[in-house]
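Here's the structure, in structure tokens; my notes come after.
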Amino acid sequence: MNIKLNKVKTKVNDKLKEQKKIYIFLIIVMILGLISGIIYAIILNQNDHNLVTESLNSFFISIKENNINYKNALINSLIGNITFTTFIFLLGISIIGIPIIILSLFLKTFIFGFSISSIIYTYHLNGILKTITYTLPHQLITLLMALFLGFYALYFGIKLFKYLFKGKDINLRMSMKRYLQVYIIVLLINITCSFIEVFLSPTLMKLVI
């Protein structure tokens with residue numbers, strides 16, 4: 001009895017250690033993406049900085065003047081969030097998708113880092129307030145969901161690899177069911193974030209423009 005309990009305990013501990021390693025690895029990848037995006041925004045040449053400034057000015061002016069096509073903005077946001085979420089989910093099912101998952105998370109935080117760095121660089125102190133209203137709450141939630149789904153996609157991909165090529169005894173049906181549940185939860189949260197981005201965030205941004 002004690003031997004069986006020890007085996008179960010060892011198995012659970014090994015599983016937790018493996019999951020912890022994956023989470024730490026993905027967090028490091030996303031932090032590197034964030035830092036890279038910030039640095040890239042800073043080292044742009046003056047012409048590129050001018051283009052970014054023009055784009056940001058146009059963006060904030062459209063919000064200030066309430067010149068927003070809410071329907072198109074919502075459709076674009078929904079397409080972006082649904083596509084990214086589904087893309088990561090499908091990559092988890094394919095073993096060759098593991099490096100692409102890592103790259104996708106890196107690029108997502110790279111774009112985020114570039115965006116917030118560009119806003120602060122352009123508007124200085126006021127840029128900090130703009131960044132806060134730009135990122136809260138939908139941007140941070142989508143990043144957390146990307147990490148959450150990315151972990152499960154990577155974890156499922158590794159499990160699938162062990163099952164197919166190493167002959168590991170894995171309950172693939174149960175793992176797939178859990179993975180699908182995670183996908184649906186993340187998808188619903190990201191869809192909610194699209195509505196927050198389009199209808200709530202502009203209202204918050206008007207307070208600091």
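How things are named: the first chain in the structure tokens is A, the next is B, and so on; residues count from 1 in each chain; ligands count from 1 in the order shown.
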Give me the residues of range 19-70 of chain A that have any atom at most 8 Å from an atom of range 103-107 of chain A; for each, the nearest atom pair and the distance in Å, rounded to one decimal. Use only C-alpha atoms, sort by chain and number, and format it as a tab-separated table.
```
residue	atom	partner	partner_atom	distance
A:Leu26	CA	A:Leu105	CA	7.9
A:Val29	CA	A:Phe106	CA	5.8
A:Met30	CA	A:Phe106	CA	5.1
A:Leu32	CA	A:Phe106	CA	7.2
A:Gly33	CA	A:Phe106	CA	4.6
A:Leu34	CA	A:Phe106	CA	7.7
```
* Counting only C-alpha atoms, what is within 8 Å of range 142-159 of chain A, bar same-chain residues fewer than 2 positions away, as an NGL selection string? -> :A and (19 or 22-23 or 26-27 or 85 or 88-89 or 91-95 or 97-98 or 101-102 or 105 or 108-109 or 138-140 or 161-163 or 170 or 175-176 or 179 or 182-183 or 186 or 189-190 or 193)
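Between CA of Thr131 in chain A and CA of Ile116 in chain A lies a distance of 5.8 Å.
Checking A:Tyr134, A:Phe195, A:Phe110, A:Phe165 one by one against Ile63 in chain A, counting only C-alpha atoms, you find the shortest gap at A:Tyr134.
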* One-decimal distance in Å that lies between CA of Lys206 in chain A and CA of Lys64 in chain A -> 5.8 Å
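Taking only C-alpha atoms into account, Asn126 in chain A lies nearest to A:Ile209 out of the set A:Ala73, A:Ile209, A:Gln181, A:Thr53.
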